[in-house]
Structure formats: C-alpha cells, structure tokens
>>> print(open('start.txt').read())   # compact mmCIF, C-alpha atoms and all ligand atoms
# COMPACT_ATOMS: atom_id res chain seq x y z
CA MET A 283 143.10 85.38 117.27
CA PRO A 284 141.89 87.58 114.41
CA THR A 285 144.55 89.98 113.20
CA SER A 286 142.97 91.63 110.16
CA ASP A 287 141.03 94.89 110.06
CA PRO A 288 137.69 94.96 111.84
CA VAL A 289 134.75 93.84 109.72
CA ALA A 290 132.70 96.65 111.25
CA SER A 291 133.75 99.67 113.20
CA LEU A 292 131.54 102.21 114.96
CA GLU A 293 133.12 105.44 116.21
CA HIS A 294 131.08 107.55 118.60
CA VAL A 295 127.87 106.62 116.82
CA THR A 296 124.60 108.22 117.85
CA VAL A 297 121.26 107.42 116.22
CA SER A 298 118.45 109.80 117.15
CA TYR A 299 114.76 109.57 116.44
CA GLY A 300 113.42 112.96 117.44
CA THR A 301 114.39 113.32 121.06
CA THR A 302 115.07 109.57 121.54
CA ARG A 303 118.66 108.44 121.34
CA ALA A 304 118.33 104.83 120.17
CA LEU A 305 122.14 104.65 120.27
CA ASP A 306 124.20 107.11 122.22
CA ASP A 307 127.91 107.61 121.45
CA VAL A 308 128.62 103.94 120.73
CA THR A 309 132.17 102.91 119.83
CA LEU A 310 132.61 99.25 118.92
CA ASP A 311 134.76 97.10 116.62
CA VAL A 312 133.61 93.74 115.30
CA ALA A 313 136.75 91.69 114.64
CA SER A 314 137.09 89.47 111.59
CA GLY A 315 136.11 85.90 112.42
CA GLU A 316 134.62 86.58 115.82
CA ILE A 317 131.16 85.77 117.12
CA ILE A 318 130.01 88.72 119.18
CA GLY A 319 126.78 88.78 121.14
CA VAL A 320 124.68 91.90 121.61
CA ILE A 321 122.34 91.88 124.59
CA GLY A 322 120.13 94.40 126.32
CA GLU A 323 116.60 94.88 127.52
CA SER A 324 113.75 95.87 125.23
CA GLY A 325 114.41 99.32 123.79
CA ALA A 326 118.16 99.18 124.54
CA GLY A 327 119.08 99.77 120.90
CA LYS A 328 119.87 96.26 119.63
CA SER A 329 117.73 96.47 116.49
CA THR A 330 119.07 99.92 115.74
CA LEU A 331 122.61 98.57 115.96
CA LEU A 332 121.69 95.72 113.60
CA ARG A 333 120.18 98.16 111.11
CA LEU A 334 123.42 100.14 111.14
CA LEU A 335 125.43 96.95 110.59
CA ASP A 336 123.07 96.02 107.75
CA ALA A 337 123.60 99.49 106.23
CA VAL A 338 119.89 100.28 106.15
CA GLU A 339 120.35 102.98 108.77
CA HIS A 340 123.07 105.60 109.02
CA PRO A 341 124.40 107.39 112.12
CA SER A 342 122.93 110.76 113.09
CA ALA A 343 126.40 111.52 114.47
CA GLY A 344 129.70 109.65 114.50
CA SER A 345 130.94 107.30 111.81
CA ILE A 346 130.81 103.68 110.76
CA ARG A 347 132.94 101.50 108.51
CA LEU A 348 131.49 98.28 107.17
CA LEU A 349 133.57 95.75 105.25
CA GLY A 350 136.13 98.46 104.54
CA THR A 351 133.76 101.21 103.39
CA ASP A 352 131.69 104.06 104.78
CA PRO A 353 128.10 103.07 103.90
CA ALA A 354 126.82 106.63 104.37
CA ALA A 355 129.10 107.76 101.53
CA LEU A 356 127.91 105.16 98.99
CA ALA A 357 125.58 105.67 96.05
CA THR A 358 122.50 103.45 95.88
CA ARG A 359 124.04 100.84 93.62
CA GLU A 360 127.23 100.55 95.72
CA LEU A 361 125.15 100.38 98.87
CA ARG A 362 123.17 97.51 97.36
CA ALA A 363 126.41 95.74 96.50
CA LEU A 364 127.67 96.23 100.07
CA ARG A 365 124.42 94.88 101.50
CA ARG A 366 124.74 91.76 99.38
CA ARG A 367 127.93 91.00 101.31
CA ILE A 368 126.00 91.04 104.57
CA GLY A 369 123.87 88.03 105.51
CA MET A 370 120.92 88.17 107.83
CA VAL A 371 118.89 85.59 109.71
CA PHE A 372 115.74 86.43 111.64
CA GLN A 373 113.65 85.14 114.50
CA GLY A 374 110.79 84.38 112.09
CA PHE A 375 113.06 82.75 109.44
CA ASN A 376 111.63 84.96 106.63
CA LEU A 377 111.63 82.26 103.98
CA LEU A 378 109.53 82.64 100.84
CA SER A 379 106.60 80.31 101.41
CA ASN A 380 105.86 79.75 97.73
CA ARG A 381 109.42 78.69 96.93
CA THR A 382 111.04 75.35 97.72
CA VAL A 383 113.90 75.00 100.15
CA ARG A 384 116.31 74.81 97.23
CA GLN A 385 114.86 77.91 95.56
CA ASN A 386 115.04 79.82 98.85
CA VAL A 387 118.73 79.02 99.24
CA ALA A 388 119.43 79.89 95.61
CA LEU A 389 117.60 83.23 95.87
CA PRO A 390 120.56 85.49 96.82
CA LEU A 391 122.51 84.10 93.87
CA LYS A 392 119.54 84.69 91.58
CA LEU A 393 119.36 88.30 92.77
CA GLN A 394 123.01 88.63 91.79
CA ARG A 395 122.11 87.10 88.41
CA THR A 396 124.30 84.10 89.11
CA ASN A 397 123.53 80.45 89.42
CA ASP A 398 125.55 77.76 91.15
CA PRO A 399 123.49 74.61 91.71
CA GLN A 400 126.47 72.73 93.16
CA LEU A 401 127.04 75.42 95.77
CA VAL A 402 123.34 75.39 96.68
CA ASP A 403 123.42 71.61 97.02
CA SER A 404 126.59 71.69 99.11
CA LEU A 405 125.01 74.19 101.50
CA LEU A 406 121.84 72.17 101.80
CA ASP A 407 124.03 69.21 102.62
CA TYR A 408 126.01 71.34 105.09
CA VAL A 409 122.88 72.27 107.05
CA GLY A 410 121.64 68.67 106.91
CA LEU A 411 118.65 69.24 104.63
CA ALA A 412 119.72 67.73 101.32
CA ASP A 413 116.73 65.41 101.45
CA ARG A 414 114.31 68.34 101.90
CA ALA A 415 115.43 70.33 98.87
CA HIS A 416 112.05 70.10 97.15
CA HIS A 417 109.92 70.69 100.20
CA TYR A 418 108.22 73.99 100.95
CA PRO A 419 108.92 75.92 104.19
CA ALA A 420 105.51 75.03 105.68
CA GLN A 421 106.49 71.35 105.45
CA LEU A 422 109.50 71.91 107.74
CA SER A 423 109.91 72.34 111.49
CA GLY A 424 111.02 75.72 112.83
CA GLY A 425 114.56 74.46 113.36
CA GLN A 426 114.71 73.14 109.81
CA GLN A 427 113.39 76.45 108.47
CA GLN A 428 116.12 78.29 110.36
CA ARG A 429 118.70 75.92 108.85
CA VAL A 430 117.39 76.85 105.40
CA ALA A 431 117.62 80.53 106.31
CA ILE A 432 121.22 80.07 107.45
CA ALA A 433 122.09 78.19 104.25
CA ARG A 434 120.51 81.06 102.29
CA ALA A 435 122.56 83.60 104.25
CA LEU A 436 125.79 81.64 103.74
CA VAL A 437 125.37 81.01 100.02
CA THR A 438 127.00 84.33 99.14
CA ARG A 439 129.84 83.76 101.64
CA PRO A 440 128.94 86.95 103.51
CA GLY A 441 131.65 89.08 105.07
CA LEU A 442 129.31 89.59 108.01
CA LEU A 443 126.38 87.52 109.24
CA LEU A 444 123.78 89.30 111.37
CA ALA A 445 121.55 87.05 113.46
CA ASP A 446 118.50 88.75 114.97
CA GLU A 447 117.09 86.56 117.76
CA PRO A 448 117.63 83.47 115.56
CA THR A 449 116.68 80.96 118.24
CA SER A 450 113.96 82.84 120.13
CA ALA A 451 111.16 80.95 118.38
CA LEU A 452 112.77 77.53 118.94
CA ASP A 453 112.79 75.00 121.75
CA SER A 454 115.99 74.64 123.72
CA ARG A 455 117.39 71.54 122.03
CA THR A 456 116.70 72.88 118.55
CA THR A 457 118.36 76.09 119.72
CA GLU A 458 121.53 74.14 120.50
CA GLY A 459 121.63 72.77 116.97
CA ILE A 460 121.17 76.21 115.39
CA LEU A 461 123.84 77.77 117.61
CA GLN A 462 126.15 74.92 116.76
CA LEU A 463 125.53 75.58 113.08
CA LEU A 464 126.50 79.25 113.49
CA ALA A 465 129.66 78.19 115.36
CA ASP A 466 130.42 75.67 112.58
CA ALA A 467 129.97 78.40 109.94
CA ARG A 468 132.59 80.49 111.70
CA ARG A 469 134.93 77.49 111.95
CA ASP A 470 134.43 76.27 108.38
CA PHE A 471 133.98 79.53 106.45
CA GLY A 472 135.53 82.09 108.81
CA THR A 473 132.14 83.84 109.00
CA THR A 474 132.00 86.82 111.35
CA VAL A 475 128.75 86.71 113.32
CA VAL A 476 126.85 89.36 115.30
CA LEU A 477 124.25 87.58 117.43
CA VAL A 478 121.48 89.74 118.90
CA THR A 479 119.57 87.81 121.51
CA HIS A 480 117.87 88.04 124.86
CA GLU A 481 119.00 84.49 125.65
CA LEU A 482 122.13 84.71 127.77
CA GLU A 483 122.66 80.94 127.36
CA ALA A 484 122.98 81.43 123.61
CA VAL A 485 125.71 84.00 124.16
CA GLY A 486 127.43 81.65 126.60
CA ALA A 487 127.28 78.84 124.06
CA ILE A 488 129.03 80.39 121.08
CA CYS A 489 130.10 84.02 121.56
CA ASP A 490 133.69 85.15 122.05
CA ARG A 491 132.62 88.53 123.41
CA VAL A 492 129.40 90.20 124.37
CA ALA A 493 128.32 93.83 124.10
CA VAL A 494 125.79 95.05 126.65
CA LEU A 495 123.48 97.92 125.67
CA GLU A 496 121.42 99.90 128.14
CA GLN A 497 119.13 102.67 126.90
CA GLY A 498 121.29 103.20 123.84
CA VAL A 499 124.55 103.31 125.75
CA LEU A 500 127.16 100.59 125.28
CA ARG A 501 127.79 99.78 128.93
CA SER A 502 130.41 97.09 128.50
CA VAL A 503 132.04 94.68 126.07
CA PHE A 504 133.64 91.69 127.72
CA PRO A 505 134.93 88.20 126.84
CA VAL A 506 132.50 85.33 127.32
CA ALA A 507 133.35 82.37 129.51
CA ARG A 508 131.89 79.68 127.27
CA THR A 509 129.55 77.07 128.64
CA ASP A 510 129.79 73.60 127.12
CA TYR A 511 126.38 73.79 125.55
CA GLY A 512 126.70 72.58 122.01
CA ARG A 513 126.64 68.80 122.20
CA GLU A 514 124.41 68.49 119.19
CA HIS A 515 124.34 64.71 119.15
CA ALA A 516 123.01 64.36 122.70
CA SER A 517 119.62 62.66 122.85
CA TYR A 518 116.57 64.61 123.97
CA LEU A 519 116.72 62.69 127.25
CA GLU A 520 120.40 63.58 127.80
CA HIS A 521 119.58 67.17 126.95
CA ALA A 522 116.72 67.31 129.45
CA GLN A 523 118.87 65.67 132.15
CA ARG A 524 121.67 68.16 131.55
CA VAL A 525 119.41 71.20 131.63
CA LEU A 526 117.38 69.97 134.60
CA GLY A 527 120.43 68.69 136.49
CA ALA A 528 119.23 65.08 136.85
N1 LIG B 601 111.94 104.32 113.72
C1 LIG B 601 111.91 104.74 114.99
N2 LIG B 601 111.28 105.88 115.32
C2 LIG B 601 111.26 106.33 116.59
N3 LIG B 601 111.85 105.70 117.62
C3 LIG B 601 112.49 104.55 117.36
C4 LIG B 601 112.55 104.00 116.04
N4 LIG B 601 113.27 102.84 116.09
C5 LIG B 601 113.62 102.67 117.38
N5 LIG B 601 113.16 103.68 118.14
C6 LIG B 601 113.38 103.84 119.60
O1 LIG B 601 114.76 103.67 119.84
C7 LIG B 601 114.99 102.89 121.02
C8 LIG B 601 115.78 101.65 120.69
O2 LIG B 601 114.97 100.78 119.89
P1 LIG B 601 115.46 99.38 119.34
O3 LIG B 601 114.35 98.84 118.51
O4 LIG B 601 116.79 99.55 118.68
O5 LIG B 601 115.63 98.54 120.69
P2 LIG B 601 115.79 96.97 120.91
O6 LIG B 601 116.86 96.79 121.92
O7 LIG B 601 115.98 96.30 119.60
O8 LIG B 601 114.38 96.57 121.52
P3 LIG B 601 113.56 95.16 121.40
O9 LIG B 601 114.37 94.14 122.15
O10 LIG B 601 112.26 95.46 122.07
O11 LIG B 601 113.42 94.85 119.94
C9 LIG B 601 113.60 102.63 121.60
O12 LIG B 601 113.33 103.63 122.56
C10 LIG B 601 112.68 102.78 120.41
O13 LIG B 601 111.39 103.18 120.82
>>> encode(input="start.txt", output="structure tokens", more="lines below")
Ligand SMILES: Nc1ncnc2c1ncn2[C@@H]1O[C@H](COP(=O)(O)OP(=O)(O)OP(=O)(O)O)[C@@H](O)[C@H]1O
Amino acid sequence: MPTSDPVASLEHVTVSYGTTRALDDVTLDVASGEIIGVIGESGAGKSTLLRLLDAVEHPSAGSIRLLGTDPAALATRELRALRRRIGMVFQGFNLLSNRTVRQNVALPLKLQRTNDPQLVDSLLDYVGLADRAHHYPAQLSGGQQQRVAIARALVTRPGLLLADEPTSALDSRTTEGILQLLADARRDFGTTVVLVTHELEAVGAICDRVAVLEQGVLRSVFPVARTDYGREHASYLEHAQRVLGA
C-alpha cells in the first residue's frame, strides 16, 4: 500500500461559478501510486475536479496541494513547471494531426527544450506502436491514437496522470486494452492515475477506489471490488462470449 504523502490533497474545496457550486466542500486525498476513479452524473463536478487537479482552476474556498505545492500560491512560471509534471489524456485523444506519432510523443520534451529519442522510442515500444512511429494520427484507429496520447503523457514521467473519459469513444474490447495500459503504467512506472469516467466497468477494471460526486458534493469514496476485466490477449470472440455470457 502507498505510504508516502498524497499526490493531491483537497481540503474543504468549493468552486463557485456565480450561484452554482460546481464543487461543494470537497475533501479528498489522492494517494501516491493509486488509481482512483471519479464518477457522477452530468454536471456533478467531475470536470471541475479535473481542472483543479490540473492546476488550471483554483478553489473559491478551501485549499489544495498538488505534488507538494499549493498551486494557487505559485507564480506563472512555477505554475507552468508544476503543470508539466501532470499528464492528461482525453476522450478525443487531442493529438496534433500534422505531426507524426513520434513527433506527438516527443512534444512534451520539446516544450521542455529537451530531446530524448531513445525514451520516445521506448515509450512507443511500450504502447505497442513502434512500427507506427512515422504515421500520422488520421492513419491510426481510435485505440491506437489513445495509445499515442498515453505515451505522450508518460514521456515526462508525470507525478499525476489525469484521464478524462479516455475510453468513452472506444469500443469495449479496445477499452480493455487502454485500461490495461493505464494499469500497466501504474505497475511499471508507479504512475498515480485519476480516471474520470461514466463507465462503471472501467472503474471496476482498474481502480483501487472510487469517488462519487453528486451535484458538486463528494458523496462517498470507497474501495473497488475489481472485476477480472483486463485479459488483453483474449480474442474478439472470447471477449464477446465473456461480455454476452455465452
Ligand atoms: N465555467 C463555468 N461557468 C459556469 N458554470 C460552470 C462552469 N463550469 C462548470 N459549471 C457548472 O458547474 C457544474 C459542474 O460542471 P462540471 O463540468 O464540472 O460537471 P461534469 O460532472 O464534468 O459534467 P459532464 O459529465 O456533463 O461533463 C455544472 O452545473 C456546470 O453547469
């Protein structure tokens, strides 16, 4: 079990937009090395929570610590440096369409004015796309594009990886592979993952705990009883039989 300080810590955090409380008195720790799911109906506050954890939003009340610092107290340059330590993957993959797979993965390093071709290659290999390095995103399937996005997020060895509905645009078997990749990243790199999703199966597949938001209020955080979901080498037929109970 993780023993170090939380990667992120919210203390009585409220985020208000006018009279709307997008988050209402939320207290939550994200432990180092855990995969925590965040679920809730539309408008429950999931995106607001992610924006706080990505340090693009600050609490209206309460406090937050992210990777050991208070983001609200940082100057622009320090805030940028903090945000570079936070990886993000999105439902729509958000790859640069006019850059190759390899260039997309190398981008965060380029933004840091560094260059590590071996690391980029090793990550492409890790996500199983070494042979697609010179392809463009439009030449890849959705699942492959999400693998590129995950490689891009991991290339800086982020202290926190935020995943915003990462499998919602994918079919169920591709979803299994992507979830397995996130679980592997935790196992192999110790990556802490916050997974926002409306897919309860995804939470059951890889999360240690789940936080349930309702109208901005954190109703409950409880341990997840994992389902054996991530058999990535199962054939499509096996997958269909398992899901459909044949
Ligand atoms: N910039 C904003 N200005 C005003 N209200 C906002 C803003 N951002 C979010 N809200 C409101 O805050 C509440 C929480 O929104 P949020 O986007 O965090 O929910 P969500 O759980 O991510 O929803 P969804 O699943 O539909 O994306 C909603 O009532 C929303 O209308």
>>> closest_atom_pairs(input="start.txt", of="segment 386-470 of chain A", to="segment 358-377 of chain A", cutoff="7 Å", atoms="only C-alpha atoms", output="JSON lines")
{"residue": "A:Asn386", "atom": "CA", "partner": "A:Leu377", "partner_atom": "CA", "distance": 6.6}
{"residue": "A:Pro419", "atom": "CA", "partner": "A:Leu377", "partner_atom": "CA", "distance": 6.9}
{"residue": "A:Gln427", "atom": "CA", "partner": "A:Phe375", "partner_atom": "CA", "distance": 6.4}
{"residue": "A:Gln428", "atom": "CA", "partner": "A:Phe375", "partner_atom": "CA", "distance": 5.5}
{"residue": "A:Ala431", "atom": "CA", "partner": "A:Phe375", "partner_atom": "CA", "distance": 6.0}
{"residue": "A:Ile432", "atom": "CA", "partner": "A:Val371", "partner_atom": "CA", "distance": 6.4}
{"residue": "A:Ala435", "atom": "CA", "partner": "A:Gly369", "partner_atom": "CA", "distance": 4.8}
{"residue": "A:Leu436", "atom": "CA", "partner": "A:Gly369", "partner_atom": "CA", "distance": 6.9}
{"residue": "A:Pro440", "atom": "CA", "partner": "A:Arg367", "partner_atom": "CA", "distance": 4.7}
{"residue": "A:Gly441", "atom": "CA", "partner": "A:Arg367", "partner_atom": "CA", "distance": 5.6}
{"residue": "A:Leu442", "atom": "CA", "partner": "A:Ile368", "partner_atom": "CA", "distance": 5.0}
{"residue": "A:Leu443", "atom": "CA", "partner": "A:Gly369", "partner_atom": "CA", "distance": 4.5}
{"residue": "A:Leu444", "atom": "CA", "partner": "A:Met370", "partner_atom": "CA", "distance": 4.7}
{"residue": "A:Ala445", "atom": "CA", "partner": "A:Val371", "partner_atom": "CA", "distance": 4.8}
{"residue": "A:Asp446", "atom": "CA", "partner": "A:Phe372", "partner_atom": "CA", "distance": 4.9}
{"residue": "A:Glu447", "atom": "CA", "partner": "A:Gln373", "partner_atom": "CA", "distance": 4.9}
{"residue": "A:Pro448", "atom": "CA", "partner": "A:Gln373", "partner_atom": "CA", "distance": 4.4}
{"residue": "A:Thr449", "atom": "CA", "partner": "A:Gln373", "partner_atom": "CA", "distance": 6.4}
{"residue": "A:Ser450", "atom": "CA", "partner": "A:Gln373", "partner_atom": "CA", "distance": 6.1}
{"residue": "A:Ala451", "atom": "CA", "partner": "A:Gln373", "partner_atom": "CA", "distance": 6.2}
>>> closest_residue(input="start.txt", among="A:Glu316, A:Asp311, A:Asp306, A:Asp352", to="ligand LIG 601 (chain B)", atoms="only C-alpha atoms and all ligand atoms")
A:Asp306
>>> atom_distance(input="start.txt", atom1="atom CA of Ser342 of chain A", atom2="atom CA of Tyr299 of chain A")
8.9 Å
>>> closest_residue(input="start.txt", among="A:Thr479, A:Ser454, A:Ser423, A:Thr351", to="Leu526 of chain A", atoms="all atoms listed in the file")
A:Ser454
>>> residues_near_ligand(input="start.txt", ligand="ligand LIG 601 (chain B)", cutoff="10 Å", atoms="only C-alpha atoms and all ligand atoms", output="PyMOL selection string")
chain A and resi 297-305+320-333+339+446-447+478-480+495-498
>>> atom_distance(input="start.txt", atom1="atom CA of Leu356 of chain A", atom2="atom CA of Ala337 of chain A")
10.2 Å
>>> atom_distance(input="start.txt", atom1="atom CA of Ser404 of chain A", atom2="atom CA of Leu477 of chain A")
24.4 Å
>>> closest_residue(input="start.txt", among="A:Arg395, A:Arg501, A:Arg455, A:Arg469", to="Ala484 of chain A", atoms="all atoms listed in the file")
A:Arg455
>>> closest_residue(input="start.txt", among="A:Thr309, A:Asn397, A:Thr438, A:Gln421", to="Ile346 of chain A", atoms="only C-alpha atoms")
A:Thr309
>>> residues_around(input="start.txt", residues="Pro399 of chain A", least_positions_apart="5", cutoff="12 Å", atoms="all atoms listed in the file", output="PyMOL selection string")
chain A and resi 384-385+387-389+391-392+404-406+415+437
